[in-house]
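Colleague: Structure incoming, see below.
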Amino acid sequence: MNHLTNFFISFGRRTIAFFYFFGGLANLAAQTLQLSFTPPFQKDRVVEQTKKAGFDSLPIVSLVSLFIGFIFALQTAYFMQRIGSEIYIASLVALSLVRELGPVITALVVAGRVGAAITAELGSMQVTEQIDALETLATNPIKYLIVPRFLALTVVLPLLTLYADSIGIFGSYLICVHKLGISSSMYMHVTFDSLFYKDLFTGLFKTIFFGMIIALVSCYEGFNVQGGAEGVGSATRRCVVTSFILIITADCFFTSLFYFIFP
């Protein structure tokens, strides 16, 4: 009987925490969107956060995307060689990267690198009461701390995804041309012949929302840190896990939506 009671108590607490989290996240999203279009605009801070989220992420995004192109080309070649259709590897890799793999992998990399850093930074400010000090100076913490990061990630993630798609296709190109003996001109012809504007649009459109998710979740967790240094670590872990789950969920939703819009 005690085990059953404890189960329902735990289930109730988790349910309340679930709705409390999403309620707080929705409230933060509404305030952030409103303040994003309210002057004064902090161009310098947006540019600074854009550099941290975008330019500084290029090495890890390049490495991951290149190896994704290698791996996907090799795995596809394993089957295509058995049916004598190696030339279609280019189109399969291009479509998979542009529509799904590029946006999702890039978003997960940025969530793990940038999102965790934002939560740790804001969490440390919360623990040391720097956020409270901003309020005493008549500075809105959401306007000063969250809006620049929100705008930066919303703009940067589509650009990083476009870059990741290019690097992934280049990795596949190296495998197909130098390992499988496909001519360079034929590979490029098949790649661009298989891609349409709708493929690029569906991939990049999702990344706008992925960037919003990473920014809002990381900032929310950073603003709600409790318990000192241990609390910062717990909030960083929750930020990464929650961002991953929401990104995959959003990707599933948009993929289903675009399947009916662009069959």
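Following the order of the structure tokens, chains are lettered A, B, ..., residues in each are numbered from 1, and ligands are numbered from 1.
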Write out as a PyMOL selection string the residues lying within 7 Å of stretch 135-147 of chain A, counting only C-alpha atoms and excluding same-chain residues fewer than 5 positions away.

Modeller: chain A and resi 32+35-36+219

Colleague: Write the residues of the preceding selection, restricted to all heavy atoms, as a PDB file, in the first residue's frame.

Modeller:
ATOM      1  N   THR A  32       9.820  37.212 -24.295  1.00  0.00           N
ATOM      2  CA  THR A  32      10.985  37.370 -25.167  1.00  0.00           C
ATOM      3  C   THR A  32      10.574  37.849 -26.551  1.00  0.00           C
ATOM      4  O   THR A  32      11.219  38.744 -27.124  1.00  0.00           O
ATOM      5  CB  THR A  32      11.737  36.026 -25.281  1.00  0.00           C
ATOM      6  OG1 THR A  32      12.117  35.577 -23.983  1.00  0.00           O
ATOM      7  CG2 THR A  32      12.982  36.191 -26.133  1.00  0.00           C
ATOM      8  N   LEU A  35       9.612  41.577 -26.280  1.00  0.00           N
ATOM      9  CA  LEU A  35      10.759  42.457 -26.078  1.00  0.00           C
ATOM     10  C   LEU A  35      11.707  42.465 -27.275  1.00  0.00           C
ATOM     11  O   LEU A  35      12.487  43.411 -27.441  1.00  0.00           O
ATOM     12  CB  LEU A  35      11.517  42.040 -24.816  1.00  0.00           C
ATOM     13  CG  LEU A  35      10.773  42.259 -23.493  1.00  0.00           C
ATOM     14  CD1 LEU A  35      11.535  41.637 -22.338  1.00  0.00           C
ATOM     15  CD2 LEU A  35      10.551  43.752 -23.241  1.00  0.00           C
ATOM     16  N   SER A  36      11.649  41.418 -28.112  1.00  0.00           N
ATOM     17  CA  SER A  36      12.517  41.376 -29.292  1.00  0.00           C
ATOM     18  C   SER A  36      12.177  42.490 -30.276  1.00  0.00           C
ATOM     19  O   SER A  36      13.040  42.922 -31.062  1.00  0.00           O
ATOM     20  CB  SER A  36      12.392  40.014 -29.990  1.00  0.00           C
ATOM     21  OG  SER A  36      12.847  38.979 -29.148  1.00  0.00           O
ATOM     22  N   CYS A 219      17.944  29.412 -21.501  1.00  0.00           N
ATOM     23  CA  CYS A 219      17.778  30.610 -20.677  1.00  0.00           C
ATOM     24  C   CYS A 219      16.832  30.358 -19.509  1.00  0.00           C
ATOM     25  O   CYS A 219      17.057  30.835 -18.391  1.00  0.00           O
ATOM     26  CB  CYS A 219      17.266  31.777 -21.526  1.00  0.00           C
ATOM     27  SG  CYS A 219      18.463  32.415 -22.715  1.00  0.00           S
TER      28      CYS A 219
END

Colleague: Would you list, as a PyMOL selection string, the residues of stretch 35-119 of chain A that end up in alpha helix (DSSP H) under DSSP run on this structure's backbone?

Modeller: chain A and resi 35-36+43-53+58-80+89-96+102-110+116-119

Colleague: Can you work out which one of A:Val177, A:Ser166, A:Val104, A:Asp199 has the shortest atom-to-atom distance to A:Tyr259, counting only C-alpha atoms?

Modeller: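 For A:Tyr259, the nearest of the candidates is A:Asp199.
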
Colleague: Closest to A:Val46 among A:Leu151, A:Leu74, A:Leu92, A:Val241, using only C-alpha atoms?

Modeller: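 Smallest separation from A:Val46 among the options: A:Leu151.
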
Colleague: Considering only C-alpha atoms, state which residue in the set A:Ile169, A:Leu204, A:Met212, A:Ala30 is at the smallest distance from A:Phe254.

Modeller: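 Checking each candidate against A:Phe254, we get A:Leu204 as the closest.
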
Colleague: Pick out the closest residue to A:Thr128 from this set: A:Phe223, A:Phe150, A:Phe258, A:Tyr173. Count only C-alpha atoms.

Modeller: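 The closest residue to A:Thr128 is A:Phe223.
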